[in-house]
Amino acid sequence: MSEKRVLLIIGGGVAAYKSLLLIRLLAKVGIKTTCIVTKAGEEFITPLSVGALSGERVFTDLFSLSDEAEMGHIELSRSADLIVVVPATADLMAKSANGFANDLASTTLLATDKRVLYVPSMNVRMWEHPATQKNLQTLKQRGALFVGPVEGDMACGEFGFGRMSEPETIADTVINTLAGDTHIDALKPQSLKGKHILITAGPTREPIDPVRYLSNNSSGKQGYALAQACIDLGANVSLVSGPVALTPPKGAHFIAVQTARDMLGACEAALPVDVFIAVAAVADWRPKTTGSKKIKKSKQAIPPLTLVENPDILKTIAHHKKRPPLVIGFAAETHNILPYAQAKLKRKNCDWMIANDVSGDVMGGDENTMILVTKDKIEHWTTQTKQNAAKQLATAIAKHIGT
């Protein structure tokens, strides 16, 4: 992507602090940010901190003589490739939808000829109010893009839709938009509302003795990103995870497990669900016996390690009497990627199989290349961040459920 520039309008809300991380995330991929901070926004963050991260002057006042002598608000509104409003408060959305222009932010939004991405953040009652929903529809009809809000706990102590999306999700949406992806499926934040999705993530650990175990390199990043993407679309998500160094997504029903047998038990306990997605890299085998004490090194002989097969979680759920309507497996392969995935789809009785090449650093890295395999089609998806891959898969699920 050639150098792009975003005009970031920072509104007044508790979530304004997240805009600072967004600036850093965009800078990492070479996207420059020019920032406007509203008067209300200055109550939560300072222009000094914003300028320190963006490396550029921060604008706050519509009536700055040096700027307005050159129609500064017009220049600001048209020099960027994309305008991002974060947090997009109910006030900013109302002003923009109804053509108000009484400060620098609203005047810039009215004067722009560029696409605008709104990132709403407000109390759940404010979000659900008919006036806000009418403004939302008005802005969408004019071509505005939206990411979020998501469901979760709020600073006011309430719970519901109105919580701002996380900076990583916003950054991915900005990157996709600037790359020419204008459909932005985050326009429909509740497209999975009312659906229960069960996701497994991470590795399992199969103990040899109290201090040793068999495991693999799975980081859990793809499964956790998928859980977040489904939550962002309004789903009720149960995340069953092996041991990883990640924080569970807010709003997920999180179940931590260690072994494959633990994971299977947790999955069966979560049924029935609408969708099951087996992202976890489950150990195929476990030691037949586990030592109650640490096995000591001996000069005489290496202790034998006899393995037995672990339960097949994906196959078990796919044949379960409470089988979910949509069962999705992951085929992590190092060679013969597509043939193995097609065979696994049939063998495990899945509806979809996501094939991916893990011969490099995919299991611990930040990018993934997926192939969606079904009984009827094969779709090769581009190499992208695991967050973007998760959003693409979550979107495909939402479209499938809606058909």
# chains A, B, ... in the order shown; residues from 1 in each chain; ligands from 1
$ residues_around --residues "range 42-48 of chain A" --least-positions-apart "6" --cutoff "8 Å" --atoms "only C-alpha atoms" --output "PDB file with C-alpha atoms, in the first residue's frame"
ATOM      1  CA  GLY A  12     -15.392  13.346  23.824  1.00  0.00           C
ATOM      2  CA  GLY A  13     -15.844  10.030  25.569  1.00  0.00           C
ATOM      3  CA  VAL A  14     -14.093   7.760  28.041  1.00  0.00           C
ATOM      4  CA  ALA A  16     -10.982   8.514  23.645  1.00  0.00           C
ATOM      5  CA  TYR A  17      -7.793   7.112  25.202  1.00  0.00           C
ATOM      6  CA  VAL A  58      -3.044  18.722  16.409  1.00  0.00           C
TER       7      VAL A  58
END
$ select_by_dssp --residues "range 214-399 of chain A" --states "alpha helix (DSSP H)" --output "NGL selection string"
:A and (221-232 or 260-270 or 313-318 or 337-348 or 386-399)
$ residues_around --residues "Gly55 in chain A" --least-positions-apart "4" --cutoff "9 Å" --atoms "only C-alpha atoms" --output "MDAnalysis selection string"
chainID A and resid 32:34 50:51
$ write_last_selection --atoms "N, CA and C atoms" --output "JSON list (two decimals), in the first residue's frame"
[["chain", "number", "residue", "atom", "x", "y", "z"],
["A", 32, "LYS", "N", -0.08, 7.67, 7.98],
["A", 32, "LYS", "CA", 0.07, 8.92, 8.72],
["A", 32, "LYS", "C", -1.28, 9.37, 9.27],
["A", 33, "THR", "N", -1.26, 10.04, 10.42],
["A", 33, "THR", "CA", -2.50, 10.57, 10.98],
["A", 33, "THR", "C", -2.36, 12.05, 11.30],
["A", 34, "THR", "N", -3.35, 12.80, 10.82],
["A", 34, "THR", "CA", -3.54, 14.18, 11.25],
["A", 34, "THR", "C", -4.75, 14.16, 12.17],
["A", 50, "VAL", "N", -1.53, 13.45, 21.87],
["A", 50, "VAL", "CA", -1.91, 13.07, 20.51],
["A", 50, "VAL", "C", -0.82, 13.48, 19.53],
["A", 51, "GLY", "N", -0.32, 14.72, 19.70],
["A", 51, "GLY", "CA", 0.72, 15.21, 18.80],
["A", 51, "GLY", "C", 2.02, 14.46, 18.94]]
$ residues_around --residues "Glu268 in chain A" --least-positions-apart "6" --cutoff "10 Å" --atoms "only C-alpha atoms" --output "mmCIF file with N, CA and C atoms, in the first residue's frame"
data_model
loop_
_atom_site.group_PDB
_atom_site.id
_atom_site.type_symbol
_atom_site.label_atom_id
_atom_site.label_comp_id
_atom_site.auth_asym_id
_atom_site.auth_seq_id
_atom_site.Cartn_x
_atom_site.Cartn_y
_atom_site.Cartn_z
ATOM 1 N N ILE A 313 -11.892 -34.398 18.969
ATOM 2 C CA ILE A 313 -12.916 -33.439 19.384
ATOM 3 C C ILE A 313 -13.796 -33.028 18.208
ATOM 4 N N THR A 316 -16.024 -35.879 17.087
ATOM 5 C CA THR A 316 -17.032 -36.170 18.103
ATOM 6 C C THR A 316 -18.181 -35.169 18.038
ATOM 7 N N ILE A 317 -17.856 -33.880 17.961
ATOM 8 C CA ILE A 317 -18.906 -32.847 17.908
ATOM 9 C C ILE A 317 -19.673 -32.925 16.596
ATOM 10 N N HIS A 320 -22.183 -35.642 16.978
ATOM 11 C CA HIS A 320 -22.881 -35.598 18.260
ATOM 12 C C HIS A 320 -24.393 -35.544 18.068
ATOM 13 N N LYS A 322 -26.253 -33.680 19.593
ATOM 14 C CA LYS A 322 -26.565 -32.242 19.634
ATOM 15 C C LYS A 322 -25.707 -31.493 18.616
ATOM 16 N N ARG A 323 -25.457 -32.119 17.487
ATOM 17 C CA ARG A 323 -24.570 -31.530 16.476
ATOM 18 C C ARG A 323 -25.022 -30.121 16.086
#
$ residues_around --residues "Ala94 in chain A" --least-positions-apart "4" --cutoff "10 Å" --atoms "only C-alpha atoms" --output "PDB file with C-alpha atoms, in the first residue's frame"
ATOM      1  CA  ALA A  88     -18.005   8.727  17.410  1.00  0.00           C
ATOM      2  CA  THR A  89     -20.238  10.067  20.152  1.00  0.00           C
ATOM      3  CA  ALA A  90     -24.000  10.429  19.829  1.00  0.00           C
ATOM      4  CA  ASN A  98     -28.161  16.694  10.379  1.00  0.00           C
ATOM      5  CA  GLY A  99     -25.622  19.037   8.806  1.00  0.00           C
ATOM      6  CA  PHE A 100     -24.557  20.990  11.895  1.00  0.00           C
ATOM      7  CA  SER A 106     -18.487  19.033  12.535  1.00  0.00           C
ATOM      8  CA  ALA A 131     -32.788   9.367  17.347  1.00  0.00           C
ATOM      9  CA  THR A 132     -29.347   7.737  17.296  1.00  0.00           C
ATOM     10  CA  GLN A 133     -30.583   4.826  15.198  1.00  0.00           C
ATOM     11  CA  LYS A 134     -32.148   7.268  12.724  1.00  0.00           C
ATOM     12  CA  ASN A 135     -28.870   9.190  12.498  1.00  0.00           C
ATOM     13  CA  LEU A 136     -27.027   5.905  11.999  1.00  0.00           C
ATOM     14  CA  THR A 138     -28.951   8.459   7.568  1.00  0.00           C
ATOM     15  CA  LEU A 139     -25.164   8.329   7.654  1.00  0.00           C
TER      16      LEU A 139
END
$ residues_around --residues "range 377-390 of chain A" --least-positions-apart "2" --cutoff "6 Å" --atoms "only C-alpha atoms" --output "number ranges by chain"
A: 222, 225-226, 366-374, 392-393
$ write_last_selection --atoms "N, CA and C atoms" --output "short mmCIF file (atom, residue, chain, number, x, y, z; two decimals), in the first residue's frame"
data_model
loop_
_atom_site.label_atom_id
_atom_site.label_comp_id
_atom_site.auth_asym_id
_atom_site.auth_seq_id
_atom_site.Cartn_x
_atom_site.Cartn_y
_atom_site.Cartn_z
N GLN A 222 -5.17 -17.06 16.36
CA GLN A 222 -6.25 -17.13 15.37
C GLN A 222 -7.60 -17.40 16.04
N ALA A 225 -8.69 -14.23 17.90
CA ALA A 225 -9.13 -13.21 16.95
C ALA A 225 -10.50 -13.55 16.39
N LEU A 226 -10.75 -14.82 16.15
CA LEU A 226 -12.05 -15.25 15.65
C LEU A 226 -13.14 -15.03 16.69
N ASP A 366 1.68 -13.67 13.20
CA ASP A 366 0.53 -12.75 13.19
C ASP A 366 -0.26 -12.78 11.89
N GLU A 367 0.20 -13.58 10.91
CA GLU A 367 -0.51 -13.65 9.63
C GLU A 367 -0.93 -15.08 9.33
N ASN A 368 -1.89 -15.20 8.43
CA ASN A 368 -2.40 -16.51 8.05
C ASN A 368 -2.88 -16.46 6.61
N THR A 369 -2.79 -17.59 5.94
CA THR A 369 -3.33 -17.74 4.59
C THR A 369 -4.32 -18.90 4.61
N MET A 370 -5.59 -18.58 4.43
CA MET A 370 -6.63 -19.59 4.58
C MET A 370 -7.21 -20.01 3.23
N ILE A 371 -7.63 -21.25 3.19
CA ILE A 371 -8.42 -21.76 2.06
C ILE A 371 -9.71 -22.32 2.65
N LEU A 372 -10.84 -21.78 2.21
CA LEU A 372 -12.13 -22.27 2.67
C LEU A 372 -12.56 -23.42 1.78
N VAL A 373 -12.76 -24.57 2.38
CA VAL A 373 -13.14 -25.77 1.64
C VAL A 373 -14.51 -26.23 2.13
N THR A 374 -15.44 -26.39 1.20
CA THR A 374 -16.75 -26.96 1.52
C THR A 374 -17.01 -28.10 0.54
N GLN A 392 -12.97 -12.07 8.11
CA GLN A 392 -13.48 -12.64 6.87
C GLN A 392 -14.25 -13.91 7.14
N LEU A 393 -13.75 -14.74 8.04
CA LEU A 393 -14.45 -15.97 8.36
C LEU A 393 -15.75 -15.67 9.12
#
$ atom_distance --atom1 "CA of Pro243 in chain A" --atom2 "CA of Leu214 in chain A"
12.4 Å
$ residues_around --residues "range 113-116 of chain A" --least-positions-apart "2" --cutoff "7 Å" --atoms "only C-alpha atoms" --output "VMD selection string"
chain A and resid 78 81 to 84 111 118 144 to 145
$ atom_distance --atom1 "CA of Pro339 in chain A" --atom2 "CA of Val358 in chain A"
15.0 Å
$ atom_distance --atom1 "CA of Glu128 in chain A" --atom2 "CA of Met93 in chain A"
13.4 Å
$ closest_residue --among "A:Lys195, A:His335, A:His253, A:Lys294" --to "Val275 in chain A" --atoms "only C-alpha atoms"
A:Lys195
$ select_by_dssp --residues "range 178-399 of chain A" --states "strand (DSSP E or B)" --output "ChimeraX atom specification"
/A:196-201,203,206-209,212-214,236-241,253-256,275-278,281,285-287,307-309,326-333,352-357,367-368,370-374,378-380,384-385
$ decode --residues "range 296-334 of chain A" --atoms "N, CA and C atoms" --output "short mmCIF file (atom, residue, chain, number, x, y, z; two decimals), in the first residue's frame"
data_model
loop_
_atom_site.label_atom_id
_atom_site.label_comp_id
_atom_site.auth_asym_id
_atom_site.auth_seq_id
_atom_site.Cartn_x
_atom_site.Cartn_y
_atom_site.Cartn_z
N LYS A 296 13.10 -39.00 37.04
CA LYS A 296 14.50 -38.59 37.17
C LYS A 296 15.35 -39.17 36.05
N LYS A 297 16.32 -38.38 35.64
CA LYS A 297 17.26 -38.82 34.61
C LYS A 297 18.09 -39.99 35.14
N SER A 298 18.27 -40.97 34.29
CA SER A 298 19.05 -42.14 34.70
C SER A 298 20.14 -42.41 33.66
N LYS A 299 21.31 -42.76 34.14
CA LYS A 299 22.40 -43.08 33.22
C LYS A 299 22.23 -44.46 32.60
N GLN A 300 21.40 -45.28 33.23
CA GLN A 300 21.25 -46.64 32.76
C GLN A 300 20.36 -46.74 31.51
N ALA A 301 19.25 -45.98 31.50
CA ALA A 301 18.32 -46.13 30.37
C ALA A 301 17.41 -44.91 30.26
N ILE A 302 16.99 -44.64 29.03
CA ILE A 302 16.00 -43.59 28.79
C ILE A 302 14.63 -44.18 29.04
N PRO A 303 13.82 -43.57 29.91
CA PRO A 303 12.51 -44.15 30.21
C PRO A 303 11.63 -44.19 28.96
N PRO A 304 10.94 -45.29 28.73
CA PRO A 304 10.08 -45.40 27.54
C PRO A 304 8.86 -44.48 27.68
N LEU A 305 8.39 -44.00 26.54
CA LEU A 305 7.20 -43.15 26.52
C LEU A 305 6.19 -43.78 25.57
N THR A 306 5.20 -44.44 26.11
CA THR A 306 4.17 -45.08 25.31
C THR A 306 2.99 -44.12 25.13
N LEU A 307 2.58 -43.93 23.88
CA LEU A 307 1.51 -42.97 23.57
C LEU A 307 0.22 -43.68 23.22
N VAL A 308 -0.89 -43.04 23.55
CA VAL A 308 -2.21 -43.51 23.13
C VAL A 308 -2.93 -42.35 22.46
N GLU A 309 -3.92 -42.67 21.65
CA GLU A 309 -4.62 -41.65 20.88
C GLU A 309 -5.59 -40.85 21.76
N ASN A 310 -5.59 -39.55 21.54
CA ASN A 310 -6.53 -38.67 22.24
C ASN A 310 -7.90 -38.72 21.56
N PRO A 311 -8.96 -38.31 22.25
CA PRO A 311 -10.27 -38.25 21.59
C PRO A 311 -10.24 -37.22 20.48
N ASP A 312 -10.98 -37.47 19.41
CA ASP A 312 -11.07 -36.57 18.27
C ASP A 312 -12.23 -35.60 18.52
N ILE A 313 -11.89 -34.40 18.97
CA ILE A 313 -12.92 -33.44 19.38
C ILE A 313 -13.80 -33.03 18.21
N LEU A 314 -13.18 -32.67 17.09
CA LEU A 314 -13.95 -32.22 15.93
C LEU A 314 -14.90 -33.30 15.44
N LYS A 315 -14.39 -34.51 15.29
CA LYS A 315 -15.22 -35.62 14.80
C LYS A 315 -16.33 -35.94 15.80
N THR A 316 -16.02 -35.88 17.09
CA THR A 316 -17.03 -36.17 18.10
C THR A 316 -18.18 -35.17 18.04
N ILE A 317 -17.86 -33.88 17.96
CA ILE A 317 -18.91 -32.85 17.91
C ILE A 317 -19.67 -32.92 16.60
N ALA A 318 -18.98 -33.25 15.50
CA ALA A 318 -19.63 -33.33 14.19
C ALA A 318 -20.59 -34.50 14.09
N HIS A 319 -20.43 -35.52 14.95
CA HIS A 319 -21.33 -36.67 14.97
C HIS A 319 -22.21 -36.69 16.22
N HIS A 320 -22.18 -35.64 16.98
CA HIS A 320 -22.88 -35.60 18.26
C HIS A 320 -24.39 -35.54 18.07
N LYS A 321 -25.13 -36.07 19.02
CA LYS A 321 -26.60 -36.01 18.94
C LYS A 321 -27.09 -34.57 19.03
N LYS A 322 -26.25 -33.68 19.59
CA LYS A 322 -26.56 -32.24 19.63
C LYS A 322 -25.71 -31.49 18.62
N ARG A 323 -25.46 -32.12 17.49
CA ARG A 323 -24.57 -31.53 16.48
C ARG A 323 -25.02 -30.12 16.09
N PRO A 324 -24.11 -29.14 16.10
CA PRO A 324 -24.46 -27.79 15.66
C PRO A 324 -24.80 -27.77 14.17
N PRO A 325 -25.65 -26.85 13.73
CA PRO A 325 -26.00 -26.74 12.31
C PRO A 325 -24.80 -26.46 11.40
N LEU A 326 -23.79 -25.78 11.94
CA LEU A 326 -22.58 -25.47 11.16
C LEU A 326 -21.35 -25.89 11.96
N VAL A 327 -20.60 -26.84 11.42
CA VAL A 327 -19.38 -27.33 12.06
C VAL A 327 -18.20 -27.00 11.16
N ILE A 328 -17.23 -26.29 11.71
CA ILE A 328 -16.08 -25.81 10.93
C ILE A 328 -14.79 -26.34 11.58
N GLY A 329 -13.98 -26.99 10.79
CA GLY A 329 -12.69 -27.48 11.28
C GLY A 329 -11.54 -26.71 10.67
N PHE A 330 -10.37 -26.84 11.26
CA PHE A 330 -9.14 -26.26 10.73
C PHE A 330 -8.18 -27.39 10.39
N ALA A 331 -7.60 -27.33 9.21
CA ALA A 331 -6.61 -28.32 8.78
C ALA A 331 -5.25 -27.63 8.68
N ALA A 332 -4.47 -27.76 9.73
CA ALA A 332 -3.14 -27.17 9.76
C ALA A 332 -2.16 -28.18 9.17
N GLU A 333 -1.65 -27.90 7.99
CA GLU A 333 -0.81 -28.86 7.27
C GLU A 333 0.51 -28.22 6.85
N THR A 334 1.50 -29.08 6.62
CA THR A 334 2.79 -28.60 6.13
C THR A 334 3.02 -28.95 4.66
#
